[in-house]
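Quick look at run-v3.pdb (PDB, C-alpha atoms):
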ATOM      1  CA  MET E   1     154.095 -85.781  17.312
ATOM      2  CA  ALA E   2     153.250 -89.224  16.070
ATOM      3  CA  GLY E   3     154.876 -92.515  16.755
ATOM      4  CA  SER E   4     156.113 -95.464  14.777
ATOM      5  CA  LYS E   5     156.218 -99.089  15.839
ATOM      6  CA  LYS E   6     159.628-100.638  16.388
ATOM      7  CA  ASP E   7     160.486-103.441  13.959
ATOM      8  CA  ALA E   8     160.599-106.115  16.636
ATOM      9  CA  PHE E   9     157.231-105.073  18.035
ATOM     10  CA  GLU E  10     155.647-105.205  14.574
ATOM     11  CA  THR E  11     156.786-108.803  14.281
ATOM     12  CA  SER E  12     155.559-109.607  17.801
ATOM     13  CA  ILE E  13     152.126-108.193  17.065
ATOM     14  CA  LEU E  14     151.845-110.194  13.838
ATOM     15  CA  GLN E  15     152.921-113.361  15.666
ATOM     16  CA  HIS E  16     150.272-112.635  18.290
ATOM     17  CA  ILE E  17     147.510-112.159  15.724
ATOM     18  CA  PHE E  18     148.470-114.838  13.213
ATOM     19  CA  GLN E  19     150.312-117.452  15.265
ATOM     20  CA  ASN E  20     148.774-117.066  18.724
ATOM     21  CA  MET E  21     152.151-116.320  20.297
ATOM     22  CA  ALA E  22     152.373-114.332  23.518
ATOM     23  CA  VAL E  23     153.832-110.820  23.546
ATOM     24  CA  SER E  24     155.901-110.882  26.710
ATOM     25  CA  GLY E  25     156.542-107.911  28.962
ATOM     26  CA  ILE E  26     153.454-105.802  28.307
ATOM     27  CA  GLY E  27     151.833-105.051  31.654
ATOM     28  CA  ASP E  28     153.656-107.890  33.380
ATOM     29  CA  SER E  29     156.312-110.433  32.571
ATOM     30  CA  THR E  30     153.891-112.770  30.823
ATOM     31  CA  GLY E  31     152.469-109.928  28.784
ATOM     32  CA  LEU E  32     149.728-110.527  26.259
ATOM     33  CA  PRO E  33     149.204-114.288  26.564
ATOM     34  CA  ALA E  34     148.411-116.842  23.924
ATOM     35  CA  GLY E  35     144.763-117.814  23.910
ATOM     36  CA  THR E  36     142.850-120.405  21.956
ATOM     37  CA  ALA E  37     144.574-120.622  18.586
ATOM     38  CA  GLY E  38     141.546-121.300  16.403
ATOM     39  CA  SER E  39     141.569-119.944  12.866
ATOM     40  CA  LEU E  40     141.363-116.778  10.853
ATOM     41  CA  TYR E  41     139.164-116.863   7.763
ATOM     42  CA  VAL E  42     140.000-115.603   4.289
ATOM     43  CA  ALA E  43     137.169-114.148   2.218
ATOM     44  CA  LEU E  44     136.867-112.991  -1.409
ATOM     45  CA  PHE E  45     135.042-109.875  -2.607
ATOM     46  CA  THR E  46     133.373-108.573  -5.751
ATOM     47  CA  ALA E  47     133.346-104.995  -4.452
ATOM     48  CA  ASP E  48     136.440-104.062  -2.449
ATOM     49  CA  PRO E  49     136.164-103.349   1.243
ATOM     50  CA  SER E  50     137.951-100.305   2.662
ATOM     51  CA  ASP E  51     139.300 -99.449   6.103
ATOM     52  CA  SER E  52     135.757 -98.481   7.080
ATOM     53  CA  ALA E  53     133.429-100.164   4.534
ATOM     54  CA  GLN E  54     132.433-103.808   4.332
ATOM     55  CA  GLY E  55     132.467-104.230   0.556
ATOM     56  CA  THR E  56     130.547-107.064  -1.096
ATOM     57  CA  GLU E  57     131.607-110.615  -0.439
ATOM     58  CA  THR E  58     131.342-113.016  -3.350
ATOM     59  CA  SER E  59     128.509-115.507  -3.511
ATOM     60  CA  TYR E  60     129.592-117.640  -6.450
ATOM     61  CA  THR E  61     128.083-121.086  -6.288
ATOM     62  CA  ASN E  62     129.889-123.276  -3.704
ATOM     63  CA  TYR E  63     131.862-120.327  -2.256
ATOM     64  CA  ASP E  64     132.797-120.391   1.388
ATOM     65  CA  ARG E  65     135.381-118.588   3.475
ATOM     66  CA  LYS E  66     138.548-120.607   4.057
ATOM     67  CA  ALA E  67     139.918-121.241   7.532
ATOM     68  CA  VAL E  68     143.641-120.752   8.122
ATOM     69  CA  ALA E  69     145.006-121.920  11.472
ATOM     70  CA  ARG E  70     146.533-119.308  13.770
ATOM     71  CA  SER E  71     149.814-121.198  13.917
ATOM     72  CA  ALA E  72     153.117-121.524  12.093
ATOM     73  CA  ALA E  73     151.438-124.102   9.893
ATOM     74  CA  GLY E  74     148.922-121.516   8.751
ATOM     75  CA  TRP E  75     151.001-118.345   8.608
ATOM     76  CA  THR E  76     154.638-117.439   8.180
ATOM     77  CA  VAL E  77     155.739-114.309  10.076
ATOM     78  CA  THR E  78     159.071-112.667   9.321
ATOM     79  CA  ALA E  79     160.275-109.110   9.880
ATOM     80  CA  GLY E  80     156.992-107.262   9.953
ATOM     81  CA  ALA E  81     155.122-109.388   7.409
ATOM     82  CA  ALA E  82     152.728-112.305   7.675
ATOM     83  CA  SER E  83     151.918-114.545   4.724
ATOM     84  CA  ASN E  84     150.076-117.795   4.119
ATOM     85  CA  ALA E  85     152.256-120.821   4.841
ATOM     86  CA  ALA E  86     150.172-123.161   2.673
ATOM     87  CA  ALA E  87     148.017-122.683  -0.382
ATOM     88  CA  ILE E  88     144.549-121.319   0.381
ATOM     89  CA  THR E  89     142.163-123.065  -1.988
ATOM     90  CA  PHE E  90     138.548-121.992  -2.264
ATOM     91  CA  ALA E  91     135.721-124.159  -3.531
ATOM     92  CA  GLN E  92     135.370-124.744  -7.259
ATOM     93  CA  CYS E  93     132.759-122.523  -8.863
ATOM     94  CA  GLY E  94     129.481-124.162  -9.732
ATOM     95  CA  THR E  95     126.706-122.646 -11.825
ATOM     96  CA  THR E  96     126.923-118.958 -11.007
ATOM     97  CA  GLY E  97     130.243-117.131 -11.284
ATOM     98  CA  ALA E  98     131.656-113.772 -10.182
ATOM     99  CA  THR E  99     134.510-111.347 -10.776
ATOM    100  CA  LEU E 100     136.752-111.137  -7.734
ATOM    101  CA  THR E 101     138.561-107.902  -6.906
ATOM    102  CA  GLY E 102     139.476-107.985  -3.239
ATOM    103  CA  PHE E 103     139.948-110.137  -0.189
ATOM    104  CA  ALA E 104     139.754-109.873   3.568
ATOM    105  CA  ILE E 105     140.990-111.703   6.633
ATOM    106  CA  CYS E 106     138.110-112.214   9.022
ATOM    107  CA  LYS E 107     137.482-113.421  12.550
ATOM    108  CA  GLY E 108     134.750-115.885  11.637
ATOM    109  CA  GLY E 109     133.718-118.308   8.925
ATOM    110  CA  THR E 110     130.257-116.975   8.109
ATOM    111  CA  THR E 111     129.937-115.456   4.650
ATOM    112  CA  GLY E 112     128.596-111.911   4.629
ATOM    113  CA  THR E 113     129.422-111.124   8.251
ATOM    114  CA  ASN E 114     131.218-107.811   8.782
ATOM    115  CA  ASP E 115     134.069-109.092  10.945
ATOM    116  CA  GLN E 116     137.131-108.246   8.871
ATOM    117  CA  ILE E 117     140.429-107.301  10.474
ATOM    118  CA  TYR E 118     142.506-106.783   7.291
ATOM    119  CA  TRP E 119     141.568-106.254   3.660
ATOM    120  CA  GLY E 120     143.328-105.846   0.333
ATOM    121  CA  THR E 121     142.850-105.755  -3.414
ATOM    122  CA  LEU E 122     143.838-108.622  -5.671
ATOM    123  CA  SER E 123     146.836-107.886  -7.904
ATOM    124  CA  SER E 124     144.473-108.489 -10.815
ATOM    125  CA  ASN E 125     140.797-109.274 -11.012
ATOM    126  CA  LEU E 126     139.873-112.945 -11.211
ATOM    127  CA  THR E 127     136.887-114.025 -13.295
ATOM    128  CA  VAL E 128     135.394-117.066 -11.635
ATOM    129  CA  SER E 129     133.148-119.148 -13.854
ATOM    130  CA  THR E 130     131.980-122.728 -13.719
ATOM    131  CA  GLY E 131     134.907-125.046 -13.009
ATOM    132  CA  VAL E 132     137.297-122.350 -11.767
ATOM    133  CA  THR E 133     138.968-122.881  -8.374
ATOM    134  CA  PRO E 134     140.339-119.665  -6.808
ATOM    135  CA  GLU E 135     143.554-120.094  -4.859
ATOM    136  CA  PHE E 136     146.221-118.077  -3.072
ATOM    137  CA  ALA E 137     149.558-119.817  -3.682
ATOM    138  CA  ILE E 138     151.941-120.133  -0.744
ATOM    139  CA  GLY E 139     153.131-116.671   0.269
ATOM    140  CA  ALA E 140     150.753-114.852  -2.091
ATOM    141  CA  LEU E 141     148.652-113.313   0.681
ATOM    142  CA  VAL E 142     150.866-110.846   2.561
ATOM    143  CA  VAL E 143     150.051-108.616   5.541
ATOM    144  CA  ASN E 144     152.593-105.927   6.396
ATOM    145  CA  GLU E 145     152.849-104.050   9.690
ATOM    146  CA  ASP E 146     154.701-100.741   9.635
TER     147      ASP E 146
ATOM    148  CA  MET S 147     146.744-104.885   2.538
ATOM    149  CA  SER S 148     145.367-102.577   5.192
ATOM    150  CA  ALA S 149     144.039-103.049   8.707
ATOM    151  CA  LYS S 150     140.386-102.216   9.182
ATOM    152  CA  ASP S 151     139.626 -99.108  11.235
ATOM    153  CA  GLY S 152     137.847-101.076  13.924
ATOM    154  CA  PHE S 153     140.736-103.498  14.286
ATOM    155  CA  GLU S 154     143.261-100.644  14.600
ATOM    156  CA  THR S 155     141.238 -99.255  17.491
ATOM    157  CA  SER S 156     140.998-102.696  19.042
ATOM    158  CA  LEU S 157     144.761-103.259  18.849
ATOM    159  CA  LEU S 158     145.433 -99.877  20.453
ATOM    160  CA  ASN S 159     143.011-100.713  23.240
ATOM    161  CA  LEU S 160     144.811-104.013  23.769
ATOM    162  CA  MET S 161     148.266-102.440  23.868
ATOM    163  CA  PHE S 162     147.472 -99.325  25.873
ATOM    164  CA  ASN S 163     144.393-100.180  27.938
ATOM    165  CA  ASN S 164     144.672-103.962  28.292
ATOM    166  CA  VAL S 165     141.293-104.577  26.625
ATOM    167  CA  ALA S 166     140.914-107.965  24.907
ATOM    168  CA  VAL S 167     140.220-108.141  21.167
ATOM    169  CA  SER S 168     137.279-110.484  21.055
ATOM    170  CA  GLY S 169     136.629-113.013  18.329
ATOM    171  CA  VAL S 170     140.167-113.714  17.129
ATOM    172  CA  GLY S 171     140.736-117.450  17.524
ATOM    173  CA  ASP S 172     137.710-117.852  19.768
ATOM    174  CA  SER S 173     135.160-115.634  21.460
ATOM    175  CA  GLY S 174     137.685-114.550  24.085
ATOM    176  CA  GLY S 175     140.065-113.442  21.365
ATOM    177  CA  LEU S 176     143.414-111.758  21.958
ATOM    178  CA  LEU S 177     143.664-111.567  25.714
ATOM    179  CA  GLY S 178     144.964-108.784  27.888
ATOM    180  CA  SER S 179     147.760-109.370  30.366
ATOM    181  CA  SER S 180     146.803-110.739  33.785
ATOM    182  CA  SER S 181     147.569-107.345  35.304
ATOM    183  CA  PRO S 182     147.388-104.104  33.319
ATOM    184  CA  GLY S 183     150.667-102.775  34.675
ATOM    185  CA  ASN S 184     152.344 -99.823  33.008
ATOM    186  CA  LEU S 185     154.083 -98.725  29.881
ATOM    187  CA  TYR S 186     157.079 -96.443  30.344
ATOM    188  CA  VAL S 187     157.811 -93.242  28.444
ATOM    189  CA  ALA S 188     161.438 -92.324  27.782
ATOM    190  CA  LEU S 189     163.241 -89.297  26.298
ATOM    191  CA  TYR S 190     166.122 -89.417  23.826
ATOM    192  CA  THR S 191     169.065 -87.268  22.822
ATOM    193  CA  VAL S 192     169.609 -89.321  19.649
ATOM    194  CA  THR S 193     166.458 -90.324  17.811
ATOM    195  CA  PRO S 194     165.695 -94.065  17.637
ATOM    196  CA  SER S 195     164.381 -95.666  14.477
ATOM    197  CA  ASP S 196     162.253 -98.714  13.783
ATOM    198  CA  ALA S 197     165.454-100.763  14.017
ATOM    199  CA  ALA S 198     167.916 -98.691  16.088
ATOM    200  CA  GLN S 199     167.875 -97.976  19.824
ATOM    201  CA  GLY S 200     168.966 -94.335  19.800
ATOM    202  CA  THR S 201     170.457 -92.722  22.917
ATOM    203  CA  GLU S 202     168.314 -92.175  25.993
ATOM    204  CA  CYS S 203     168.570 -89.052  28.149
ATOM    205  CA  ASP S 204     170.728 -89.298  31.250
ATOM    206  CA  TYR S 205     170.480 -85.848  32.806
ATOM    207  CA  ILE S 206     170.634 -85.779  36.594
ATOM    208  CA  GLY S 207     167.117 -86.397  37.872
ATOM    209  CA  TYR S 208     165.928 -88.266  34.750
ATOM    210  CA  ALA S 209     163.963 -91.514  34.908
ATOM    211  CA  ARG S 210     161.397 -93.127  32.621
ATOM    212  CA  ARG S 211     157.835 -92.300  33.562
ATOM    213  CA  PRO S 212     155.191 -95.014  34.069
ATOM    214  CA  VAL S 213     151.789 -94.627  32.430
ATOM    215  CA  SER S 214     149.059 -97.023  33.517
ATOM    216  CA  ARG S 215     147.536 -99.431  31.012
ATOM    217  CA  ASN S 216     144.303 -98.835  32.876
ATOM    218  CA  GLY S 217     143.158 -95.329  32.072
ATOM    219  CA  GLY S 218     146.551 -93.828  31.326
ATOM    220  CA  PHE S 219     145.846 -93.543  27.621
ATOM    221  CA  VAL S 220     142.882 -92.265  25.627
ATOM    222  CA  ILE S 221     142.052 -94.243  22.485
ATOM    223  CA  SER S 222     140.079 -92.595  19.698
ATOM    224  CA  GLY S 223     139.905 -94.091  16.250
ATOM    225  CA  ASN S 224     143.443 -95.016  15.261
ATOM    226  CA  ASN S 225     145.035 -92.708  17.831
ATOM    227  CA  ALA S 226     146.328 -93.221  21.358
ATOM    228  CA  SER S 227     147.335 -90.276  23.536
ATOM    229  CA  ASN S 228     148.215 -89.611  27.158
ATOM    230  CA  ALA S 229     145.197 -89.044  29.416
ATOM    231  CA  ALA S 230     147.173 -87.101  32.003
ATOM    232  CA  ALA S 231     150.321 -85.004  31.928
ATOM    233  CA  ILE S 232     153.539 -87.030  31.879
ATOM    234  CA  THR S 233     156.082 -85.168  34.007
ATOM    235  CA  PHE S 234     159.723 -86.216  34.094
ATOM    236  CA  GLY S 235     162.199 -85.471  36.841
ATOM    237  CA  GLN S 236     163.583 -81.968  37.074
ATOM    238  CA  CYS S 237     167.126 -81.546  35.804
ATOM    239  CA  LEU S 238     169.154 -81.066  38.960
ATOM    240  CA  SER S 239     172.778 -80.519  38.150
ATOM    241  CA  GLY S 240     175.713 -81.554  36.029
ATOM    242  CA  ASP S 241     175.088 -82.844  32.514
ATOM    243  CA  THR S 242     172.322 -81.289  30.492
ATOM    244  CA  ASP S 243     170.530 -82.887  27.548
ATOM    245  CA  THR S 244     168.744 -81.858  24.407
ATOM    246  CA  ALA S 245     165.729 -84.148  24.032
ATOM    247  CA  VAL S 246     164.767 -84.858  20.425
ATOM    248  CA  ALA S 247     162.561 -87.949  20.629
ATOM    249  CA  PHE S 248     160.594 -90.285  22.854
ATOM    250  CA  THR S 249     159.827 -93.977  23.122
ATOM    251  CA  ILE S 250     157.209 -96.103  24.822
ATOM    252  CA  ASN S 251     158.805 -99.043  26.558
ATOM    253  CA  LEU S 252     157.965-102.282  28.292
ATOM    254  CA  GLY S 253     160.048-101.566  31.375
ATOM    255  CA  SER S 254     161.303 -98.738  33.545
ATOM    256  CA  ALA S 255     165.064 -99.220  33.441
ATOM    257  CA  THR S 256     166.883 -96.397  31.661
ATOM    258  CA  GLY S 257     169.042 -97.524  28.751
ATOM    259  CA  VAL S 258     167.357-100.890  28.233
ATOM    260  CA  ASP S 259     166.415-101.586  24.608
ATOM    261  CA  ASP S 260     162.756-102.515  25.153
ATOM    262  CA  ALA S 261     160.933 -99.828  23.184
ATOM    263  CA  ILE S 262     157.791-100.806  21.290
ATOM    264  CA  LEU S 263     157.065 -97.402  19.734
ATOM    265  CA  TRP S 264     159.102 -94.276  19.070
ATOM    266  CA  GLY S 265     158.595 -90.790  17.707
ATOM    267  CA  ALA S 266     160.384 -87.475  17.193
ATOM    268  CA  LEU S 267     159.471 -84.491  19.339
ATOM    269  CA  SER S 268     157.733 -81.706  17.451
ATOM    270  CA  SER S 269     160.621 -79.468  18.531
ATOM    271  CA  ASN S 270     163.822 -80.140  20.440
ATOM    272  CA  LEU S 271     163.833 -79.447  24.183
ATOM    273  CA  ASP S 272     166.967 -78.116  25.891
ATOM    274  CA  ILE S 273     167.036 -79.566  29.376
ATOM    275  CA  SER S 274     169.258 -77.566  31.693
ATOM    276  CA  VAL S 275     169.324 -77.255  35.460
ATOM    277  CA  GLY S 276     165.849 -76.466  36.771
ATOM    278  CA  VAL S 277     163.951 -77.602  33.667
ATOM    279  CA  THR S 278     161.151 -80.167  34.139
ATOM    280  CA  PRO S 279     160.211 -81.881  30.853
ATOM    281  CA  GLU S 280     156.529 -82.677  30.448
ATOM    282  CA  PHE S 281     154.063 -83.990  27.919
ATOM    283  CA  ALA S 282     150.826 -82.105  28.457
ATOM    284  CA  ILE S 283     147.580 -84.057  28.237
ATOM    285  CA  GLY S 284     147.151 -85.401  24.712
ATOM    286  CA  ASP S 285     150.585 -84.285  23.518
ATOM    287  CA  LEU S 286     151.973 -87.768  23.139
ATOM    288  CA  ASP S 287     150.226 -89.030  19.996
ATOM    289  CA  ILE S 288     150.445 -92.539  18.610
ATOM    290  CA  ASN S 289     148.733 -93.141  15.284
ATOM    291  CA  VAL S 290     148.420 -96.499  13.569
ATOM    292  CA  ASP S 291     147.218 -97.028  10.028
TER     293      ASP S 291
END

Now that the file is in, can you turn its structure into structure tokens?
Amino acid sequence: MAGSKKDAFETSILQHIFQNMAVSGIGDSTGLPAGTAGSLYVALFTADPSDSAQGTETSYTNYDRKAVARSAAGWTVTAGAASNAAAITFAQCGTTGATLTGFAICKGGTTGTNDQIYWGTLSSNLTVSTGVTPEFAIGALVVNED
Amino acid sequence: MSAKDGFETSLLNLMFNNVAVSGVGDSGGLLGSSSPGNLYVALYTVTPSDAAQGTECDYIGYARRPVSRNGGFVISGNNASNAAAITFGQCLSGDTDTAVAFTINLGSATGVDDAILWGALSSNLDISVGVTPEFAIGDLDINVD
């Protein structure tokens, strides 16, 4: 037999990961406590990651991972889904471009480090050439728990 | 969007074995509870769903069973399972139940809506006087993906 997460617990887990909120009642009344909020980091890829593979992170000129605060200002969590609460705007491309196909949410801000926790494909590839500024509009980056 | 394999394992270890997920937010990461405590396994006569509570067993002798968040579960990949047999109370008399599903709960009180995970039994179990329901080692499987 296999189990499924209850709806409310899915939301609690997303709030814990993305908004640094405690999950009360697990183990003791306090449960899983809030820690240091810090940030999660969004990265862009030219070869998609997978559940097990790192993929290839972009290296277009000026690229850097973007920090998103682990708070309600950074992420909106509703009914089993987390999404970006503000636009996530990457650096404008300089001399060397790339074709972006995927993204990941990472623990740290260092490009090329294999510290992803979630990954996904872009709804369509994005060709980044000189002068282009990649951006996720508000709510465009969605993580579902089910 | 999909969770990475390593993160799925980490989340299961946090939920079931109280192991912190390092590196999220800071080096300490997602912290475990101050004491591991237990999770509590319950049996149902009406299957819960992601949103609905279902109906918990109430045969004479029934109570939720505690499983320690410190060695009570085995985590492997994206799977958590029971490390030891989970044995419920023997049905003593009076009402009998047909168990169809289980939940994993925050607390021990029968009938309280505090489940975090649920699943259907692989086959129904008729619980009549003298029957002692049990999950053998590894029979209670939780997969995340």

| field | Among the residues S:Gly240, S:Pro212, S:Gly223, S:Gly253, the one that comes closest to chain E [using all atoms listed in the file] | value | S:Gly253

| message | With 7 Å as the limit and counting all atoms listed in the file, what residues in chain S lie close to chain E? Please list them as a PyMOL selection string. | response | chain S and resi 147-151+153+169-172+175-179+181-185+196-197+252+261-268+286-289

May I have the residues from that selection written out with C-alpha atoms, as an mmCIF file, in the coordinates of the input?
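Saved file result.cif follows:
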data_model
loop_
_atom_site.group_PDB
_atom_site.id
_atom_site.type_symbol
_atom_site.label_atom_id
_atom_site.label_comp_id
_atom_site.auth_asym_id
_atom_site.auth_seq_id
_atom_site.Cartn_x
_atom_site.Cartn_y
_atom_site.Cartn_z
ATOM 1 C CA MET S 147 146.744 -104.885 2.538
ATOM 2 C CA SER S 148 145.367 -102.577 5.192
ATOM 3 C CA ALA S 149 144.039 -103.049 8.707
ATOM 4 C CA LYS S 150 140.386 -102.216 9.182
ATOM 5 C CA ASP S 151 139.626 -99.108 11.235
ATOM 6 C CA PHE S 153 140.736 -103.498 14.286
ATOM 7 C CA GLY S 169 136.629 -113.013 18.329
ATOM 8 C CA VAL S 170 140.167 -113.714 17.129
ATOM 9 C CA GLY S 171 140.736 -117.450 17.524
ATOM 10 C CA ASP S 172 137.710 -117.852 19.768
ATOM 11 C CA GLY S 175 140.065 -113.442 21.365
ATOM 12 C CA LEU S 176 143.414 -111.758 21.958
ATOM 13 C CA LEU S 177 143.664 -111.567 25.714
ATOM 14 C CA GLY S 178 144.964 -108.784 27.888
ATOM 15 C CA SER S 179 147.760 -109.370 30.366
ATOM 16 C CA SER S 181 147.569 -107.345 35.304
ATOM 17 C CA PRO S 182 147.388 -104.104 33.319
ATOM 18 C CA GLY S 183 150.667 -102.775 34.675
ATOM 19 C CA ASN S 184 152.344 -99.823 33.008
ATOM 20 C CA LEU S 185 154.083 -98.725 29.881
ATOM 21 C CA ASP S 196 162.253 -98.714 13.783
ATOM 22 C CA ALA S 197 165.454 -100.763 14.017
ATOM 23 C CA LEU S 252 157.965 -102.282 28.292
ATOM 24 C CA ALA S 261 160.933 -99.828 23.184
ATOM 25 C CA ILE S 262 157.791 -100.806 21.290
ATOM 26 C CA LEU S 263 157.065 -97.402 19.734
ATOM 27 C CA TRP S 264 159.102 -94.276 19.070
ATOM 28 C CA GLY S 265 158.595 -90.790 17.707
ATOM 29 C CA ALA S 266 160.384 -87.475 17.193
ATOM 30 C CA LEU S 267 159.471 -84.491 19.339
ATOM 31 C CA SER S 268 157.733 -81.706 17.451
ATOM 32 C CA LEU S 286 151.973 -87.768 23.139
ATOM 33 C CA ASP S 287 150.226 -89.030 19.996
ATOM 34 C CA ILE S 288 150.445 -92.539 18.610
ATOM 35 C CA ASN S 289 148.733 -93.141 15.284
#

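CA of Ile232 (chain S) to CA of Asn270 (chain S) spans 16.9 Å [interatomic distance, one decimal].
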
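Put simply, the PyMOL selection byres ((chain E and resi 125) around 7) in this file takes in E:Thr99, E:Leu100, E:Thr101, E:Leu122, E:Ser123, E:Ser124, E:Leu126, E:Thr127.
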
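When CA of Ala209 (chain S) is paired with CA of Val165 (chain S), their separation reads 27.4 Å.
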
| query | If you apply the PyMOL selection byres ((chain S and resi 190) around 10) to this file, what residues do you get, as a PyMOL selection string? | reply | chain S and resi 188-189+191-194+199-204+243-249+257+264-267

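Computed from the coordinates, the CA of Thr133 (chain E) to CA of Thr58 (chain E) distance equals 13.4 Å.
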
| Of the residues S:Ala226, S:Cys237, S:Val213, S:Ala231, which is the one nearest to Asp272 (chain S), using only C-alpha atoms? | S:Cys237

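Using all atoms listed in the file, the nearest neighbour of Gly218 (chain S) within the list S:Thr256, S:Glu280, S:Gly152, S:Ala230 is S:Ala230.
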
| request: Just say which residues the PyMOL selection byres ((chain E and resi 112) around 9) picks in this file, as a ChimeraX atom specification. | output: /E:54,56-59,110-111,113-115

| query | Using only C-alpha atoms, which residues sit within 10 Å of Ala87 (chain E) once same-chain residues fewer than 3 positions away are excluded, as a PyMOL selection string? | reply | chain E and resi 68+74+84+90+135-141

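The shortest atom-to-atom distance to Ala229 (chain S), with all atoms listed in the file taken into account, belongs to S:Ser214 out of S:Ser269, S:Ser214, S:Ser168, S:Thr242.
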
| task | Give me the residues within 7 Å of Gly235 (chain S) as a list in words, counting only C-alpha atoms and dropping any in the same chain fewer than 3 places off. | result | Gly207, Tyr208, Ala209 and Thr278 of chain S

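Of the listed residues S:Asn251, S:Asp260, S:Arg211, S:Ile273, the one whose atoms come nearest to Ser239 (chain S) is S:Ile273, with distances taken using all atoms listed in the file.
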
| request: In the coordinates of the file, take the point (134.8, -125.9, -10.7) and a cut-off of 10 Å; then, counting all atoms listed in the file, name each qualifying protein, DNA or RNA residue as number ranges by chain. | output: E: 61-62, 91-95, 97, 128-134
